[in-house]
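As provided, protein11.csv (CSV, C-alpha atoms) reads as follows.
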chain,number,residue,atom,x,y,z
A,1169,MET,CA,-173.0,233.6,243.3
A,1170,ILE,CA,-173.9,232.2,240.0
A,1171,LYS,CA,-170.9,230.0,240.1
A,1172,LYS,CA,-172.0,228.7,243.5
A,1173,LEU,CA,-175.6,228.1,242.2
A,1174,ASN,CA,-174.2,226.2,239.3
A,1175,LEU,CA,-172.2,224.0,241.6
A,1176,VAL,CA,-175.2,223.3,243.8
A,1177,PHE,CA,-177.3,222.5,240.7
A,1178,ILE,CA,-174.6,220.1,239.5
A,1179,ALA,CA,-174.5,218.4,242.9
A,1180,ILE,CA,-178.3,218.0,243.0
A,1181,VAL,CA,-178.4,216.5,239.5
A,1182,ALA,CA,-175.6,214.2,240.4
A,1183,PHE,CA,-177.3,213.1,243.6
A,1184,ILE,CA,-180.6,212.4,241.7
A,1185,CYS,CA,-178.8,210.4,239.0
A,1186,VAL,CA,-176.9,208.3,241.6
A,1187,ALA,CA,-180.1,207.7,243.6
A,1188,LYS,CA,-182.0,206.8,240.5
A,1189,ALA,CA,-179.3,204.4,239.5
A,1190,GLN,CA,-179.6,202.5,242.8
A,1191,ALA,CA,-182.3,200.0,241.9
A,1192,ASP,CA,-184.2,198.1,244.6
A,1193,ARG,CA,-182.0,195.1,244.3
A,1194,TRP,CA,-182.7,191.9,246.2
A,1195,GLN,CA,-181.8,188.2,246.3
A,1196,GLN,CA,-184.1,185.3,246.8
A,1197,HIS,CA,-183.2,182.8,249.5
A,1198,ILE,CA,-183.9,179.1,250.0
A,1199,ASP,CA,-183.3,176.4,252.6
A,1200,TYR,CA,-183.4,172.8,251.5
A,1201,LYS,CA,-183.8,169.8,253.7
A,1202,ILE,CA,-183.3,166.9,251.4
A,1203,LYS,CA,-183.6,163.2,252.2
A,1204,ALA,CA,-182.5,160.8,249.5
A,1205,SER,CA,-182.0,157.1,249.2
A,1206,LEU,CA,-180.0,155.6,246.3
A,1207,ASP,CA,-180.5,151.9,245.3
A,1208,VAL,CA,-177.1,150.9,243.8
A,1209,THR,CA,-178.8,147.9,242.1
A,1210,THR,CA,-181.5,149.8,240.2
A,1211,ASN,CA,-179.7,153.2,240.1
A,1212,VAL,CA,-182.8,154.9,241.3
A,1213,VAL,CA,-182.9,157.7,243.8
A,1214,LYS,CA,-186.0,158.3,245.9
A,1215,GLY,CA,-186.3,161.4,248.0
A,1216,SER,CA,-188.1,164.3,249.5
A,1217,GLU,CA,-187.4,168.0,250.0
A,1218,ASP,CA,-188.7,170.3,252.7
A,1219,ILE,CA,-188.1,173.8,251.4
A,1220,VAL,CA,-188.4,177.3,252.9
A,1221,TYR,CA,-188.4,179.8,250.1
A,1222,ASP,CA,-188.1,183.5,250.8
A,1223,ASN,CA,-189.6,185.8,248.2
A,1224,ASN,CA,-187.4,188.9,248.8
A,1225,SER,CA,-188.5,190.5,245.6
A,1226,THR,CA,-191.0,193.3,245.1
A,1227,ASP,CA,-193.1,191.0,243.0
A,1228,THR,CA,-196.1,188.6,243.7
A,1229,LEU,CA,-195.2,185.1,242.5
A,1230,ARG,CA,-198.1,183.1,241.1
A,1231,LYS,CA,-195.9,180.3,239.8
A,1232,VAL,CA,-192.6,178.8,240.8
A,1233,TYR,CA,-190.3,176.6,238.7
A,1234,PHE,CA,-187.8,173.7,239.3
A,1235,HIS,CA,-185.0,172.3,237.2
A,1236,LEU,CA,-185.3,168.6,236.3
A,1237,TYR,CA,-181.8,168.3,234.6
A,1238,TRP,CA,-181.6,164.6,234.1
A,1239,ASN,CA,-184.6,164.6,231.8
A,1240,ALA,CA,-182.2,165.9,229.2
A,1241,PHE,CA,-180.5,162.4,229.1
A,1242,GLN,CA,-183.3,160.7,227.1
A,1243,PRO,CA,-183.5,160.0,223.3
A,1244,ASN,CA,-185.0,162.9,221.4
A,1245,SER,CA,-184.6,165.4,224.2
A,1246,ALA,CA,-183.6,168.9,223.2
A,1247,MET,CA,-180.0,168.2,224.3
A,1248,ASP,CA,-179.9,165.1,222.1
A,1249,ILE,CA,-181.5,166.7,219.1
A,1250,ARG,CA,-179.2,169.7,219.3
A,1251,SER,CA,-176.1,167.6,219.5
A,1252,ARG,CA,-177.1,165.4,216.5
A,1253,GLU,CA,-178.0,168.4,214.4
A,1254,LEU,CA,-174.6,170.0,215.1
A,1255,GLY,CA,-173.1,166.7,214.0
A,1256,LYS,CA,-174.5,167.3,210.5
A,1257,ASN,CA,-172.2,170.3,210.1
A,1258,MET,CA,-168.7,169.5,208.9
A,1259,LEU,CA,-165.7,171.7,209.7
A,1260,THR,CA,-162.1,171.6,208.6
A,1261,SER,CA,-159.6,170.8,211.3
A,1262,ARG,CA,-156.1,172.2,211.6
A,1263,ARG,CA,-154.8,169.1,209.9
A,1264,GLY,CA,-157.2,169.6,207.0
A,1265,ASP,CA,-159.5,166.7,208.1
A,1266,GLN,CA,-163.3,167.0,207.9
A,1267,VAL,CA,-164.8,166.7,211.4
A,1268,GLN,CA,-168.3,166.9,212.8
A,1269,ASP,CA,-169.2,170.1,214.7
A,1270,TRP,CA,-170.7,168.5,217.8
A,1271,ASP,CA,-169.7,168.3,221.4
A,1272,ALA,CA,-167.3,165.3,221.3
A,1273,ARG,CA,-168.4,164.3,224.8
A,1274,VAL,CA,-172.1,164.1,223.8
A,1275,LYS,CA,-172.1,163.2,220.1
A,1276,ASP,CA,-175.1,161.0,219.5
A,1277,ARG,CA,-174.7,159.0,222.7
A,1278,ILE,CA,-178.0,160.1,224.2
A,1279,GLN,CA,-179.9,158.5,221.3
A,1280,GLY,CA,-178.4,155.1,222.1
A,1281,LEU,CA,-179.4,155.0,225.8
A,1282,GLN,CA,-181.5,152.1,226.8
A,1283,PRO,CA,-184.5,152.4,229.2
A,1284,ASN,CA,-182.3,151.4,232.2
A,1285,GLU,CA,-179.6,153.8,231.1
A,1286,ILE,CA,-181.6,157.0,230.6
A,1287,GLY,CA,-181.9,159.8,233.2
A,1288,TYR,CA,-185.1,161.0,234.5
A,1289,GLN,CA,-186.5,163.1,237.4
A,1290,ARG,CA,-190.1,162.9,238.3
A,1291,VAL,CA,-191.8,165.0,240.9
A,1292,SER,CA,-195.0,163.2,242.1
A,1293,GLN,CA,-196.3,166.0,244.3
A,1294,ILE,CA,-195.6,169.4,245.8
A,1295,THR,CA,-197.7,170.6,248.7
A,1296,ILE,CA,-197.9,174.0,250.3
A,1297,GLY,CA,-199.9,174.1,253.6
A,1298,GLY,CA,-201.1,170.6,252.9
A,1299,LYS,CA,-202.6,171.6,249.5
A,1300,ALA,CA,-201.3,169.9,246.3
A,1301,GLN,CA,-200.1,172.3,243.7
A,1302,LYS,CA,-200.7,171.8,239.9
A,1303,LEU,CA,-197.5,170.5,238.1
A,1304,VAL,CA,-196.8,171.0,234.4
A,1305,GLU,CA,-193.6,169.4,233.1
A,1306,HIS,CA,-191.7,171.0,230.2
A,1307,GLU,CA,-188.9,168.4,229.8
A,1308,THR,CA,-186.1,169.8,232.0
A,1309,ILE,CA,-188.3,172.5,233.7
A,1310,LEU,CA,-191.2,171.9,236.1
A,1311,GLU,CA,-193.9,174.6,236.3
A,1312,VAL,CA,-195.7,174.8,239.6
A,1313,GLN,CA,-199.0,176.7,239.4
A,1314,LEU,CA,-199.6,177.9,242.9
A,1315,THR,CA,-203.0,177.7,244.6
A,1316,GLN,CA,-202.0,180.8,246.7
A,1317,PRO,CA,-199.6,183.5,245.4
A,1318,ILE,CA,-196.4,184.2,247.3
A,1319,ALA,CA,-196.5,187.9,248.3
A,1320,PRO,CA,-193.4,190.1,248.3
A,1321,LYS,CA,-191.2,189.9,251.3
A,1322,THR,CA,-192.8,186.7,252.6
A,1323,SER,CA,-191.8,183.1,253.0
A,1324,VAL,CA,-193.5,179.8,252.0
A,1325,LYS,CA,-192.9,176.2,253.1
A,1326,MET,CA,-193.1,173.5,250.4
A,1327,SER,CA,-192.8,169.8,250.5
A,1328,LEU,CA,-191.8,167.8,247.5
A,1329,VAL,CA,-191.5,164.1,246.6
A,1330,PHE,CA,-189.3,162.9,243.8
A,1331,GLU,CA,-187.8,159.9,242.0
A,1332,ALA,CA,-184.9,159.9,239.7
A,1333,GLN,CA,-182.9,157.4,237.7
A,1334,VAL,CA,-179.1,158.1,237.5
A,1335,PRO,CA,-178.2,158.2,233.8
A,1336,LYS,CA,-175.2,156.5,232.2
A,1337,GLN,CA,-172.8,159.4,232.3
A,1338,ILE,CA,-172.9,161.4,229.1
A,1339,ARG,CA,-172.2,165.0,230.3
A,1340,ARG,CA,-171.1,165.9,233.8
A,1341,SER,CA,-173.4,163.8,235.9
A,1342,GLY,CA,-174.3,160.1,235.9
A,1343,ARG,CA,-173.0,156.7,236.6
A,1344,ASP,CA,-170.2,154.3,235.4
A,1345,ASN,CA,-168.1,156.9,233.6
A,1346,ALA,CA,-165.0,156.2,231.5
A,1347,GLU,CA,-162.8,156.2,234.6
A,1348,GLY,CA,-165.0,153.7,236.3
A,1349,VAL,CA,-166.5,156.0,238.9
A,1350,ARG,CA,-169.8,154.6,240.0
A,1351,TYR,CA,-171.8,157.8,240.7
A,1352,SER,CA,-171.2,161.4,239.9
A,1353,MET,CA,-174.2,163.1,241.5
A,1354,SER,CA,-174.5,166.6,240.1
A,1355,GLN,CA,-177.8,168.2,239.1
A,1356,TRP,CA,-179.4,165.3,240.9
A,1357,TYR,CA,-182.3,166.9,242.8
A,1358,PRO,CA,-185.3,169.0,241.7
A,1359,LYS,CA,-183.7,172.5,242.1
A,1360,MET,CA,-185.5,175.7,242.4
A,1361,VAL,CA,-185.1,178.0,239.4
A,1362,GLU,CA,-183.6,181.4,240.2
A,1363,TYR,CA,-185.9,184.5,240.1
A,1364,ASP,CA,-184.1,187.7,239.7
A,1365,TYR,CA,-184.6,191.2,238.3
A,1366,GLN,CA,-185.1,189.7,234.9
A,1367,GLY,CA,-187.8,187.3,236.1
A,1368,TRP,CA,-187.7,183.5,236.1
A,1369,ASN,CA,-184.6,182.0,234.5
A,1370,THR,CA,-186.3,179.0,233.1
A,1371,ASN,CA,-183.5,178.0,230.7
A,1372,PRO,CA,-183.9,174.4,229.5
A,1373,TYR,CA,-180.9,172.2,230.1
A,1374,ILE,CA,-179.4,171.8,226.7
A,1375,ALA,CA,-175.7,172.7,226.8
A,1376,ARG,CA,-175.2,175.5,229.2
A,1377,GLU,CA,-174.0,175.8,232.8
A,1378,PHE,CA,-176.0,176.6,235.9
A,1379,TYR,CA,-177.6,179.4,237.9
A,1380,GLY,CA,-179.1,178.9,241.3
A,1381,VAL,CA,-180.8,180.4,244.4
A,1382,TRP,CA,-178.6,181.2,247.4
A,1383,GLY,CA,-179.4,179.2,250.5
A,1384,ASN,CA,-178.6,176.5,253.0
A,1385,TYR,CA,-178.5,172.8,252.4
A,1386,ASP,CA,-179.2,170.0,254.9
A,1387,VAL,CA,-178.8,166.7,252.9
A,1388,THR,CA,-179.2,163.2,254.2
A,1389,ILE,CA,-178.1,160.4,251.8
A,1390,LYS,CA,-178.7,156.7,252.4
A,1391,LEU,CA,-177.0,154.0,250.3
A,1392,ASP,CA,-175.0,150.7,250.5
A,1393,LYS,CA,-172.6,150.6,253.4
A,1394,ASN,CA,-169.7,149.7,251.1
A,1395,TYR,CA,-169.7,153.0,249.3
A,1396,MET,CA,-167.6,156.0,250.1
A,1397,VAL,CA,-169.5,159.3,249.9
A,1398,GLY,CA,-168.3,162.9,249.7
A,1399,GLY,CA,-169.0,166.2,248.1
A,1400,THR,CA,-170.5,169.6,249.0
A,1401,GLY,CA,-170.9,170.6,252.6
A,1402,VAL,CA,-169.5,169.4,255.9
A,1403,LEU,CA,-170.1,165.8,256.9
A,1404,GLN,CA,-172.0,165.8,260.2
A,1405,ASN,CA,-171.6,162.1,261.1
A,1406,PRO,CA,-168.3,160.6,260.1
A,1407,THR,CA,-169.4,157.3,261.8
A,1408,ALA,CA,-172.6,157.1,259.8
A,1409,PRO,CA,-175.1,154.7,261.3
A,1410,LEU,CA,-176.4,151.6,259.7
A,1411,ASP,CA,-180.1,151.1,259.1
A,1412,LYS,CA,-181.9,147.8,259.3
A,1413,ASP,CA,-181.2,147.0,255.7
A,1414,GLY,CA,-177.4,147.5,256.1
A,1415,ASN,CA,-177.3,150.9,254.4
A,1416,LYS,CA,-175.4,153.9,255.8
A,1417,VAL,CA,-177.1,157.2,256.3
A,1418,TRP,CA,-174.8,160.2,255.7
A,1419,ASN,CA,-175.7,163.8,256.6
A,1420,PHE,CA,-174.0,166.9,255.0
A,1421,LYS,CA,-174.7,170.6,255.7
A,1422,GLY,CA,-173.6,173.6,253.6
A,1423,ASN,CA,-174.5,177.2,254.1
A,1424,THR,CA,-174.7,180.2,251.8
A,1425,ILE,CA,-174.3,178.2,248.6
A,1426,HIS,CA,-176.4,177.6,245.5
A,1427,ASP,CA,-175.8,174.0,244.6
A,1428,PHE,CA,-175.0,170.6,246.1
A,1429,VAL,CA,-173.0,167.8,244.5
A,1430,TRP,CA,-171.9,164.4,245.8
A,1431,PHE,CA,-170.3,161.2,244.6
A,1432,ALA,CA,-170.4,157.6,245.7
A,1433,ASP,CA,-168.0,154.8,244.9
A,1434,ASN,CA,-167.0,151.5,246.5
A,1435,HIS,CA,-163.3,151.6,245.5
A,1436,PHE,CA,-162.3,155.2,246.1
A,1437,LYS,CA,-159.3,156.4,248.0
A,1438,HIS,CA,-159.5,159.5,250.2
A,1439,LEU,CA,-156.8,162.0,251.1
A,1440,SER,CA,-157.4,165.0,253.3
A,1441,LYS,CA,-155.6,167.7,255.2
A,1442,GLU,CA,-156.5,170.8,257.3
A,1443,VAL,CA,-154.4,173.3,255.4
A,1444,ARG,CA,-155.2,176.3,257.6
A,1445,LYS,CA,-157.5,176.9,260.5
A,1446,GLY,CA,-161.1,176.5,259.3
A,1447,LEU,CA,-160.3,174.9,255.9
A,1448,THR,CA,-159.8,171.2,255.1
A,1449,LEU,CA,-159.0,170.0,251.6
A,1450,HIS,CA,-160.1,166.6,250.3
A,1451,VAL,CA,-159.1,164.4,247.3
A,1452,TYR,CA,-161.1,161.4,246.2
A,1453,TYR,CA,-160.0,159.2,243.4
A,1454,LYS,CA,-159.9,155.7,241.8
A,1455,SER,CA,-156.6,154.0,242.7
A,1456,LYS,CA,-155.3,152.2,239.6
A,1457,ASP,CA,-151.5,152.1,240.2
A,1458,ALA,CA,-148.7,153.8,242.0
A,1459,LYS,CA,-148.5,156.5,239.3
A,1460,ALA,CA,-152.1,157.4,239.9
A,1461,ASP,CA,-151.6,157.5,243.6
A,1462,SER,CA,-148.7,159.9,243.2
A,1463,ALA,CA,-150.5,162.2,240.8
A,1464,TRP,CA,-153.6,162.5,243.0
A,1465,SER,CA,-151.4,163.0,246.1
A,1466,ASN,CA,-149.7,165.8,244.3
A,1467,VAL,CA,-153.1,167.5,243.8
A,1468,LEU,CA,-153.5,167.9,247.6
A,1469,TRP,CA,-149.8,168.9,248.0
A,1470,ALA,CA,-150.0,171.5,245.2
A,1471,ALA,CA,-153.4,172.9,246.4
A,1472,GLU,CA,-152.0,173.6,249.8
A,1473,LYS,CA,-149.0,175.3,248.3
A,1474,VAL,CA,-151.0,177.7,246.1
A,1475,LEU,CA,-153.7,178.5,248.6
A,1476,PRO,CA,-151.9,181.4,250.3
A,1477,TYR,CA,-151.2,183.0,247.0
A,1478,MET,CA,-154.8,182.5,245.8
A,1479,GLU,CA,-156.2,184.0,248.9
A,1480,LYS,CA,-153.9,187.0,248.8
A,1481,LYS,CA,-154.7,187.5,245.1
A,1482,PHE,CA,-158.4,186.8,245.1
A,1483,GLY,CA,-159.6,187.0,248.7
A,1484,ALA,CA,-160.1,184.5,251.4
A,1485,TYR,CA,-161.9,181.2,250.5
A,1486,PRO,CA,-164.9,181.5,252.8
A,1487,TYR,CA,-166.1,177.9,253.2
A,1488,PRO,CA,-164.9,175.2,255.6
A,1489,GLN,CA,-163.9,172.6,253.0
A,1490,TYR,CA,-163.2,171.9,249.4
A,1491,SER,CA,-163.2,168.5,247.6
A,1492,PHE,CA,-161.3,167.5,244.4
A,1493,ILE,CA,-163.3,164.5,243.1
A,1494,GLN,CA,-162.5,162.2,240.2
A,1495,GLY,CA,-165.7,161.7,238.4
A,1496,GLY,CA,-166.2,164.2,235.6
A,1497,ASP,CA,-165.8,164.2,231.8
A,1498,GLY,CA,-163.3,167.1,232.0
A,1499,GLY,CA,-163.8,169.4,234.9
A,1500,MET,CA,-166.9,171.1,236.4
A,1501,GLU,CA,-167.2,173.3,239.4
A,1502,TYR,CA,-169.8,173.0,242.2
A,1503,ALA,CA,-170.2,174.5,245.6
A,1504,MET,CA,-167.2,173.4,247.8
A,1505,ALA,CA,-166.3,170.7,245.2
A,1506,THR,CA,-165.3,169.9,241.7
A,1507,LEU,CA,-165.6,166.8,239.5
A,1508,LEU,CA,-162.5,166.1,237.6
A,1509,LYS,CA,-161.6,163.6,234.9
A,1510,GLY,CA,-157.9,163.4,236.0
A,1511,PRO,CA,-155.3,165.0,238.3
A,1512,GLY,CA,-153.9,167.5,235.8
A,1513,LEU,CA,-153.1,170.6,237.8
A,1514,GLY,CA,-154.2,173.1,235.2
A,1515,THR,CA,-157.7,171.8,235.5
A,1516,VAL,CA,-157.5,171.4,239.3
A,1517,PHE,CA,-156.5,175.1,239.6
A,1518,HIS,CA,-159.1,176.2,237.1
A,1519,GLU,CA,-162.0,174.5,238.7
A,1520,TRP,CA,-161.0,175.6,242.2
A,1521,ILE,CA,-160.7,179.2,241.1
A,1522,HIS,CA,-164.3,179.1,239.9
A,1523,SER,CA,-165.1,179.2,243.7
A,1524,TRP,CA,-163.9,182.8,243.8
A,1525,TYR,CA,-166.2,184.0,241.0
A,1526,GLN,CA,-169.1,181.7,240.3
A,1527,HIS,CA,-169.6,180.2,243.8
A,1528,ILE,CA,-169.0,183.3,245.7
A,1529,LEU,CA,-170.6,185.9,243.4
A,1530,GLY,CA,-173.2,183.5,241.9
A,1531,THR,CA,-173.2,184.9,238.4
A,1532,ASN,CA,-175.7,183.8,235.8
A,1533,GLU,CA,-173.6,181.5,233.6
A,1534,SER,CA,-176.4,180.9,231.1
A,1535,LEU,CA,-176.2,184.6,230.1
A,1536,TYR,CA,-172.7,185.7,231.1
A,1537,ALA,CA,-170.5,182.6,230.8
A,1538,TRP,CA,-167.6,184.8,229.6
A,1539,MET,CA,-167.5,186.6,232.9
A,1540,ASP,CA,-166.9,183.5,234.9
A,1541,GLU,CA,-164.7,181.6,232.4
A,1542,GLY,CA,-162.7,184.8,231.6
A,1543,PHE,CA,-161.8,185.5,235.2
A,1544,THR,CA,-161.2,181.8,235.9
A,1545,SER,CA,-158.9,181.3,232.9
A,1546,TYR,CA,-156.9,184.3,233.9
A,1547,GLY,CA,-156.6,183.0,237.4
A,1548,GLU,CA,-155.6,179.5,236.2
A,1549,GLU,CA,-152.8,180.9,234.2
A,1550,ASP,CA,-151.6,183.2,237.0
A,1551,VAL,CA,-151.7,180.5,239.7
A,1552,SER,CA,-150.2,177.8,237.4
A,1553,HIS,CA,-147.2,180.2,236.7
A,1554,TYR,CA,-146.8,180.9,240.4
A,1555,TYR,CA,-146.8,177.1,241.2
A,1556,GLU,CA,-144.3,176.2,238.4
A,1557,VAL,CA,-141.9,178.9,239.5
A,1558,ASN,CA,-142.1,178.5,243.2
A,1559,HIS,CA,-143.1,174.9,244.1
A,1560,ALA,CA,-143.3,172.4,241.2
A,1561,ALA,CA,-139.6,171.3,241.6
A,1562,GLN,CA,-140.1,170.6,245.3
A,1563,SER,CA,-143.0,168.3,245.0
A,1564,PRO,CA,-142.3,164.9,246.6
A,1565,TYR,CA,-144.8,163.3,244.2
A,1566,ILE,CA,-143.2,163.9,240.8
A,1567,SER,CA,-140.2,162.1,239.4
A,1568,GLU,CA,-136.7,163.2,239.5
A,1569,ALA,CA,-136.7,163.4,235.7
A,1570,ALA,CA,-139.7,165.7,235.7
A,1571,LYS,CA,-138.0,167.9,238.3
A,1572,LYS,CA,-135.0,168.5,236.0
A,1573,GLN,CA,-137.1,169.5,233.0
In structure tokens, what does this structure look like?
Amino acid sequence: MIKKLNLVFIAIVAFICVAKAQADRWQQHIDYKIKASLDVTTNVVKGSEDIVYDNNSTDTLRKVYFHLYWNAFQPNSAMDIRSRELGKNMLTSRRGDQVQDWDARVKDRIQGLQPNEIGYQRVSQITIGGKAQKLVEHETILEVQLTQPIAPKTSVKMSLVFEAQVPKQIRRSGRDNAEGVRYSMSQWYPKMVEYDYQGWNTNPYIAREFYGVWGNYDVTIKLDKNYMVGGTGVLQNPTAPLDKDGNKVWNFKGNTIHDFVWFADNHFKHLSKEVRKGLTLHVYYKSKDAKADSAWSNVLWAAEKVLPYMEKKFGAYPYPQYSFIQGGDGGMEYAMATLLKGPGLGTVFHEWIHSWYQHILGTNESLYAWMDEGFTSYGEEDVSHYYEVNHAAQSPYISEAAKKQ
């Protein structure tokens, strides 16, 4: 009897511990309807956002916050100062040389930006129910002091008007990068800061990666008719209409994602293939010569070959498209797309594998970058090995000499 009572007691304690461990977890949700117009002469974007924000938390929100990432690309910004301060530290390289301890991509380049080369994002107004909200800018974070709190388990509609200047590309986003890509449009819109169990994640944009609110995006982009456009989401109007000024108006939609990236260039090539039912892969790149054409064609070929292995290993890719886009300063993952400096397959696989961790699980990279990068680096090595062993020699886009190596 005592033994039975002990077992019952243990079971009750275990149940209480498990029940207590199950916190009341929730996720915020957002729907964006963004309309943007890019002037390719002035490099200025003007736009608006109609937002539906669901406060699924148990907290009353008296403020909300937005990221204004491009404000980092101004002389004497926190990002600029940090990089220049790091540059004062000298390290010894493997060869014994003394080198500066800064991000080689940033260095002191922000300090030298001219007024027409800096980045900025300015929100002129946010209204809720027709009432203007008080805005306080903290460089790359916009604080919105609400006239009416957002109660738990309720939704609110906001309207936002913004203007932004596309910076000369320093880090990830911008224009006229080293490869000649005209526009790499990441972190380009005022983006709601994530509110989670730790509160508002108001991390300034200095050197880290990104964290966002899950939601749906309906994005309309207007710009010069001679530019090719692609990125996150599914294009709704492949034969985009012309407006009275000769611009094309493109509409993209993406659901259950937490970011939106796009590019625009007037000399890009586009490759695409439906690689399985419900999934189309795209490659966009600057065509320089036959060698470049072959290398970027190999990206699409290799991606199709490794996809079944990746899905068997990591789970099904759940979105209808993915785009490999030349336009980065290395490689950086976004929802349904990556920006890449070049067609190297190691980086191609690495950035795509981010989709299985960062863009499906939505981890907080600002706090736990090791989780995302650790999984992705493991996946890159595994998938690269699979490709080299099973497919590399059969590629129609690499030379006979390379096949024999």
Exercise for the section: Quick one: pull the distance between CA of Glu1311 in chain A and CA of Asp1199 in chain A, Å, one decimal. Expected result: 19.5 Å
Problem - Selected residue of minimal separation from Trp1464 in chain A among A:Ile1528, A:Val1349, A:Leu1513, A:Leu1391, counting only C-alpha atoms - result: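 Using only C-alpha atoms, the shortest distance to Trp1464 in chain A belongs to A:Leu1513.
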Completion exercise
Using all atoms listed in the file, the residue out of A:Glu1217, A:Glu1285, A:Asp1344, A:Glu1533 with shortest distance to Tyr1385 in chain A is A:Glu1217
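In terms of minimum interatomic distance to Leu1236 in chain A, A:Gln1289 ranks closest within A:Gln1196, A:Ser1534, A:Gln1289, A:Thr1260, counting all atoms listed in the file.
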Completion exercise
Here CA of Ile1219 in chain A and CA of Met1326 in chain A stand apart by 5.1 Å
Handout entry: Counting only C-alpha atoms, the option among A:Lys1456, A:Lys1325, A:His1450, A:Arg1444 closest to Lys1473 in chain A
Key =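 Of the candidates, the smallest distance to Lys1473 in chain A is held by A:Arg1444.
Residue nearest Gln1301 in chain A within the list A:Ala1240, A:Ala1319, A:Leu1328, A:Leu1403: A:Leu1328 [criterion: smallest interatomic distance, only C-alpha atoms].
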Practice task
Report the distance between CA of Glu1548 in chain A and CA of Thr1515 in chain A in Å, rounded to one decimal place.
Solution key: 8.0 Å
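Distances to Ser1354 in chain A were evaluated for A:Trp1418, A:Trp1524, A:Tyr1485, A:Tyr1502 using all atoms listed in the file, and the minimum falls at A:Tyr1502.
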Exercise for the section: List the neighbours of Ala1458 in chain A out to 12 Å using all atoms listed in the file; skip same-chain residues closer than 5 positions along the sequence, and give me the result as a list in words. Expected result: Ala1463, Trp1464, Ser1465, Tyr1565 and Ile1566 of chain A
For the residues in that selection, give me C-alpha atoms as a compact mmCIF listing (two decimals), in the frame of the given file.
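What landed in out10.txt:
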# COMPACT_ATOMS: atom_id res chain seq x y z
CA ALA A 1463 -150.50 162.20 240.80
CA TRP A 1464 -153.60 162.50 243.00
CA SER A 1465 -151.40 163.00 246.10
CA TYR A 1565 -144.80 163.30 244.20
CA ILE A 1566 -143.20 163.90 240.80
Exercise for the section: Might you pull out every residue within 6 Å of Lys1416 in chain A, with only C-alpha atoms counted and same-chain residues fewer than 4 positions away left off, and present them as a list in words? Expected result: Lys1390, Leu1391, Lys1393, Ala1408, Pro1409 and Leu1410 of chain A
Practice task
Would you kindly return, as a list in words, each protein, DNA or RNA residue with an atom no farther than 8 Å from any atom of range 1419-1422 of chain A, considering all atoms listed in the file and excluding same-chain residues fewer than 6 positions away?
Solution key: Asn1384, Tyr1385, Asp1386, Val1387, Thr1388, Ile1389, Thr1400, Gly1401, Val1402, Leu1403, Gln1404 and Asn1405 of chain A
Atoms to include: C-alpha atoms. Write the selected residues as an mmCIF file, in the frame of the given file.
data_model
loop_
_atom_site.group_PDB
_atom_site.id
_atom_site.type_symbol
_atom_site.label_atom_id
_atom_site.label_comp_id
_atom_site.auth_asym_id
_atom_site.auth_seq_id
_atom_site.Cartn_x
_atom_site.Cartn_y
_atom_site.Cartn_z
ATOM 1 C CA ASN A 1384 -178.600 176.500 253.000
ATOM 2 C CA TYR A 1385 -178.500 172.800 252.400
ATOM 3 C CA ASP A 1386 -179.200 170.000 254.900
ATOM 4 C CA VAL A 1387 -178.800 166.700 252.900
ATOM 5 C CA THR A 1388 -179.200 163.200 254.200
ATOM 6 C CA ILE A 1389 -178.100 160.400 251.800
ATOM 7 C CA THR A 1400 -170.500 169.600 249.000
ATOM 8 C CA GLY A 1401 -170.900 170.600 252.600
ATOM 9 C CA VAL A 1402 -169.500 169.400 255.900
ATOM 10 C CA LEU A 1403 -170.100 165.800 256.900
ATOM 11 C CA GLN A 1404 -172.000 165.800 260.200
ATOM 12 C CA ASN A 1405 -171.600 162.100 261.100
#
Neighbours of range 1230-1234 of chain A within 8 Å (only C-alpha atoms; same-chain residues fewer than 3 positions away dropped), as a short mmCIF file (atom, residue, chain, number, x, y, z; two decimals) with C-alpha atoms, in the frame of the given file?
data_model
loop_
_atom_site.label_atom_id
_atom_site.label_comp_id
_atom_site.auth_asym_id
_atom_site.auth_seq_id
_atom_site.Cartn_x
_atom_site.Cartn_y
_atom_site.Cartn_z
CA ILE A 1309 -188.30 172.50 233.70
CA LEU A 1310 -191.20 171.90 236.10
CA GLU A 1311 -193.90 174.60 236.30
CA VAL A 1312 -195.70 174.80 239.60
CA GLN A 1313 -199.00 176.70 239.40
CA LEU A 1314 -199.60 177.90 242.90
CA GLN A 1316 -202.00 180.80 246.70
CA PRO A 1317 -199.60 183.50 245.40
CA ILE A 1318 -196.40 184.20 247.30
CA PRO A 1358 -185.30 169.00 241.70
CA LYS A 1359 -183.70 172.50 242.10
CA MET A 1360 -185.50 175.70 242.40
CA VAL A 1361 -185.10 178.00 239.40
CA TRP A 1368 -187.70 183.50 236.10
CA THR A 1370 -186.30 179.00 233.10
#
Exercise for the section: Would you mind listing what lies within 12 Å of Lys1256 in chain A as a list in words, with only C-alpha atoms counted and same-chain residues fewer than 2 positions away left out? Expected result: Ile1249, Arg1250, Ser1251, Arg1252, Glu1253, Leu1254, Met1258, Leu1259, Gln1266, Val1267, Gln1268, Asp1269, Trp1270, Asp1271, Lys1275 and Asp1276 of chain A
